[in-house]
Amino acid sequence: MSAESNDSQSLSQSNASADDLKAIEKLGTARQTLKTEIAKVIVGQQEVVDDLLTAIFSRGHCLMIGVPGLAKTLMVSTIADAIDLDFNRIQFTPDLMPSDITGTEIIEEDKSTGGREFKFVRGPVFANILLADEINRTPPKTQASLLQAMQELEVTVGGQTYQLPRPFFVLATQNPIEQEGTYPLPEAQLDRFMFDIRISYPTPEDELEIAKTTTTDVEVKINTVLNGEEILNLQQIVRRLPISDHVGRYAVDLARATRPEDEIAPGFTKEYVTWGAGTRAVQYLVLGAKARAAISGQYNVTCDHVREVAPMVLRHRIMTNFHAEAEGISPDRIVDMLLEAVDEPKAEAYV
């Protein structure tokens with residue numbers, strides 16, 4: 001780290017409250033403890049765990065894409081156990097109705113008076129962590145029933161609005177190899193997901209360890225590391241983290257460079273991209289960078305933290321054209337090229 005970065009960090013920390021600094025330090029320690037607890041059940045996938053924790057402390061939702069059998073559901077339920085949160089799973093199917101997610105009103109009779117009234121029965125969306133398994137297997141009407149919950153943290157049924165529990169986090173999964181009978185998520189709904197996380201196959205060593213540990217009859221106990229109140233407090237602290245203008249500008253420049261009509265867009269963007277990332281991407285780049293710093297126990301947010309979250313924030317917000325498809329240029333490749341092409345602004349220009 002340069003002397004300038006050290007000076008910037010010292011200045012940021014001098015402006016921070018002692019309580020916030022202690023909380024960030026606690027979060028850095030809790031992250032290691034969480035990963036240790038999760039590793040009792042999940043072999044490998046350490047980067048994915050970090051990505052999920054980053055989203056949780058940013059108050060963001062995630063889309064996870066990976067083939068079946070990579071422990072996506074088990075990973076989420078294990079995280080929920082380790083941070084003492086309510087967890088519900090919905091298997092999305094073509095016949096799933098919006099009321100199967102949000103809940104429904106039923107007529108209930110009062111036995112003492114004989115009168116009848118409507119009673120709202122809460123659906124599985126009323127949980128801290130909701131796993132929407134294979135979300136692209138259900139029609140758009142049902143997919144859209146999650147939009148209000150994800151954006152407003154509430155649902156409306158029968159003209160009555162009900163608040164969802166806090167914290168609230170949606171994790172949706174998609175199977176990339178089975179497209180028959182699926183309904184691709186509209187771009188507007190994709191944009192509600194902070195991260196698009198890709199789950200890859202484990203290494204041979206990890207796969208051997210999985211085979212050994214999952215074929216025994218040993219019950220593993222997961223210890224609670226954080227509770228819901230602590231997570232809410234840490235989410236607020238993450239948002240209070242200061243960010244230098246040059247770091248914010250770097251996030252803005254990365255998003256602008258994905259838009260073919262923008263003056264700073266490089267040539268490959270104009271050639272391969274039809275539609276780029278919107279302003280929400282800038283917000284998520286900044287929030288993700290703040291959370292990435294916080295879970296590392298750092299108070300100073302840098303451009304490196306922005307780069308770490310950029311692929312997850314941008315890949316599902318870049319729409320490539322036919323030319324890109326013909327040449328095998330994926331959104332991930334576009335993001336890699338952007339990270340090489342977009343220069344990091346100099347801090348001294350913003351002093």
# chains A, B, ... in the order shown; residues from 1 in each chain; ligands from 1

$ select_by_dssp --residues "stretch 53-191 of chain A" --states "helix (DSSP H, G or I)" --output "mmCIF file with C-alpha atoms, in the first residue's frame"
data_model
loop_
_atom_site.group_PDB
_atom_site.id
_atom_site.type_symbol
_atom_site.label_atom_id
_atom_site.label_comp_id
_atom_site.auth_asym_id
_atom_site.auth_seq_id
_atom_site.Cartn_x
_atom_site.Cartn_y
_atom_site.Cartn_z
ATOM 1 C CA LEU A 53 -21.416 -12.510 2.780
ATOM 2 C CA THR A 54 -20.572 -9.371 0.800
ATOM 3 C CA ALA A 55 -24.112 -9.287 -0.580
ATOM 4 C CA ILE A 56 -25.711 -9.947 2.815
ATOM 5 C CA PHE A 57 -23.877 -7.062 4.478
ATOM 6 C CA SER A 58 -24.723 -4.819 1.505
ATOM 7 C CA LYS A 72 -26.052 -24.256 -3.569
ATOM 8 C CA THR A 73 -29.026 -24.983 -1.301
ATOM 9 C CA LEU A 74 -26.859 -26.510 1.403
ATOM 10 C CA MET A 75 -24.513 -23.530 1.312
ATOM 11 C CA VAL A 76 -27.326 -21.037 1.823
ATOM 12 C CA SER A 77 -29.010 -23.012 4.599
ATOM 13 C CA THR A 78 -25.648 -23.425 6.349
ATOM 14 C CA ILE A 79 -25.010 -19.673 6.203
ATOM 15 C CA ALA A 80 -28.499 -19.106 7.614
ATOM 16 C CA ASP A 81 -27.695 -21.437 10.517
ATOM 17 C CA ALA A 82 -24.361 -19.755 11.203
ATOM 18 C CA SER A 99 -49.885 -16.464 -3.693
ATOM 19 C CA ASP A 100 -47.679 -19.517 -3.142
ATOM 20 C CA ILE A 101 -44.845 -17.057 -2.505
ATOM 21 C CA THR A 102 -46.440 -14.071 -0.790
ATOM 22 C CA ILE A 135 -36.421 -19.195 -10.510
ATOM 23 C CA ASN A 136 -36.467 -19.361 -14.311
ATOM 24 C CA ARG A 137 -38.817 -22.372 -14.246
ATOM 25 C CA PRO A 140 -43.026 -14.056 -15.481
ATOM 26 C CA LYS A 141 -46.189 -13.276 -13.452
ATOM 27 C CA THR A 142 -44.930 -15.405 -10.579
ATOM 28 C CA GLN A 143 -41.354 -14.169 -10.961
ATOM 29 C CA ALA A 144 -42.690 -10.618 -10.693
ATOM 30 C CA SER A 145 -44.310 -11.381 -7.338
ATOM 31 C CA LEU A 146 -40.819 -11.217 -5.861
ATOM 32 C CA LEU A 147 -40.095 -7.748 -7.276
ATOM 33 C CA GLN A 148 -41.905 -5.765 -4.585
ATOM 34 C CA ALA A 149 -40.423 -7.950 -1.872
ATOM 35 C CA MET A 150 -36.890 -7.483 -3.199
ATOM 36 C CA GLN A 151 -37.149 -3.754 -3.799
ATOM 37 C CA GLU A 152 -39.506 -2.513 -1.089
ATOM 38 C CA GLU A 187 -33.826 -7.458 -17.682
ATOM 39 C CA ALA A 188 -35.795 -5.318 -15.212
ATOM 40 C CA GLN A 189 -35.885 -8.172 -12.732
ATOM 41 C CA LEU A 190 -32.274 -9.172 -13.359
#

$ closest_atom_pairs --of "stretch 127-240 of chain A" --to "stretch 28-33 of chain A" --cutoff "12 Å" --atoms "only C-alpha atoms" --output "CSV"
residue,atom,partner,partner_atom,distance
A:Ile222,CA,A:Thr33,CA,11.0
A:Asn223,CA,A:Thr33,CA,9.5
A:Thr224,CA,A:Thr33,CA,9.6
A:Val225,CA,A:Ala30,CA,6.7
A:Leu226,CA,A:Ala30,CA,7.6
A:Asn227,CA,A:Ala30,CA,11.3
A:Glu230,CA,A:Ala30,CA,11.0
A:Ile231,CA,A:Ala30,CA,10.8
A:Leu234,CA,A:Gly28,CA,11.0

$ select_by_dssp --residues "stretch 91-159 of chain A" --states "strand (DSSP E)" --output "PyMOL selection string"
chain A and resi 91+103-109+116-122+129-133+154-157

$ closest_residue --among "A:Thr215, A:Thr113, A:Thr302, A:Gln46" --to "A:Ile199" --atoms "only C-alpha atoms"
A:Gln46

$ residues_around --residues "A:Pro176" --least-positions-apart "5" --cutoff "9 Å" --atoms "only C-alpha atoms" --output "mmCIF file with N, CA and C atoms, in the first residue's frame"
data_model
loop_
_atom_site.group_PDB
_atom_site.id
_atom_site.type_symbol
_atom_site.label_atom_id
_atom_site.label_comp_id
_atom_site.auth_asym_id
_atom_site.auth_seq_id
_atom_site.Cartn_x
_atom_site.Cartn_y
_atom_site.Cartn_z
ATOM 1 N N ILE A 65 -25.778 -19.056 -10.432
ATOM 2 C CA ILE A 65 -25.923 -19.909 -11.604
ATOM 3 C C ILE A 65 -24.877 -21.026 -11.541
ATOM 4 N N GLY A 66 -25.353 -22.250 -11.565
ATOM 5 C CA GLY A 66 -24.460 -23.402 -11.507
ATOM 6 C C GLY A 66 -25.232 -24.678 -11.762
ATOM 7 N N VAL A 67 -24.536 -25.693 -12.216
ATOM 8 C CA VAL A 67 -25.191 -26.967 -12.522
ATOM 9 C C VAL A 67 -25.683 -27.617 -11.232
#

$ atom_distance --atom1 "atom CA of A:Asp206" --atom2 "atom CA of A:Glu47"
13.8 Å

$ closest_residue --among "A:Tyr183, A:Phe195, A:Trp275, A:Tyr201" --to "A:Val309" --atoms "only C-alpha atoms"
A:Phe195

$ residues_around --residues "stretch 260-263 of chain A" --least-positions-apart "4" --cutoff "9 Å" --atoms "only C-alpha atoms" --output "list in words"
Arg256, Gly267, Phe268, Thr269, Lys270, Glu271, Tyr272, Val273, Thr274, Trp275 and Gly276 of chain A

$ atom_distance --atom1 "atom CA of A:Pro167" --atom2 "atom CA of A:Asn128"
5.5 Å

$ closest_residue --among "A:Thr258, A:Arg292, A:Glu344, A:Leu339" --to "A:Thr320" --atoms "only C-alpha atoms"
A:Thr258

$ residues_around --residues "A:Gln163" --least-positions-apart "5" --cutoff "8 Å" --atoms "only C-alpha atoms" --output "PyMOL selection string"
chain A and resi 153-155

$ residues_around --residues "A:Arg315" --least-positions-apart "5" --cutoff "8 Å" --atoms "only C-alpha atoms" --output "list of chain:residue names"
A:Asp196, A:Pro331, A:Asp332, A:Val335

$ write_last_selection --atoms "N, CA and C atoms" --output "compact mmCIF listing (two decimals), in the first residue's frame"
# COMPACT_ATOMS: atom_id res chain seq x y z
N ASP A 196 -24.50 -11.44 -9.66
CA ASP A 196 -24.68 -12.67 -10.42
C ASP A 196 -23.45 -13.52 -10.12
N PRO A 331 -20.38 -11.70 -21.86
CA PRO A 331 -20.35 -10.55 -20.95
C PRO A 331 -19.18 -10.62 -19.97
N ASP A 332 -18.82 -11.82 -19.52
CA ASP A 332 -17.67 -11.95 -18.62
C ASP A 332 -16.39 -11.47 -19.29
N VAL A 335 -16.33 -7.73 -19.36
CA VAL A 335 -15.94 -7.16 -18.06
C VAL A 335 -14.43 -7.26 -17.87

$ closest_residue --among "A:Ile295, A:Val247, A:Leu285, A:Met312" --to "A:Asp343" --atoms "only C-alpha atoms"
A:Val247

$ closest_residue --among "A:Asn233, A:Ile318, A:Glu134, A:Met337" --to "A:Gln91" --atoms "only C-alpha atoms"
A:Glu134

$ atom_distance --atom1 "atom CA of A:Ile129" --atom2 "atom CA of A:Leu241"
24.6 Å
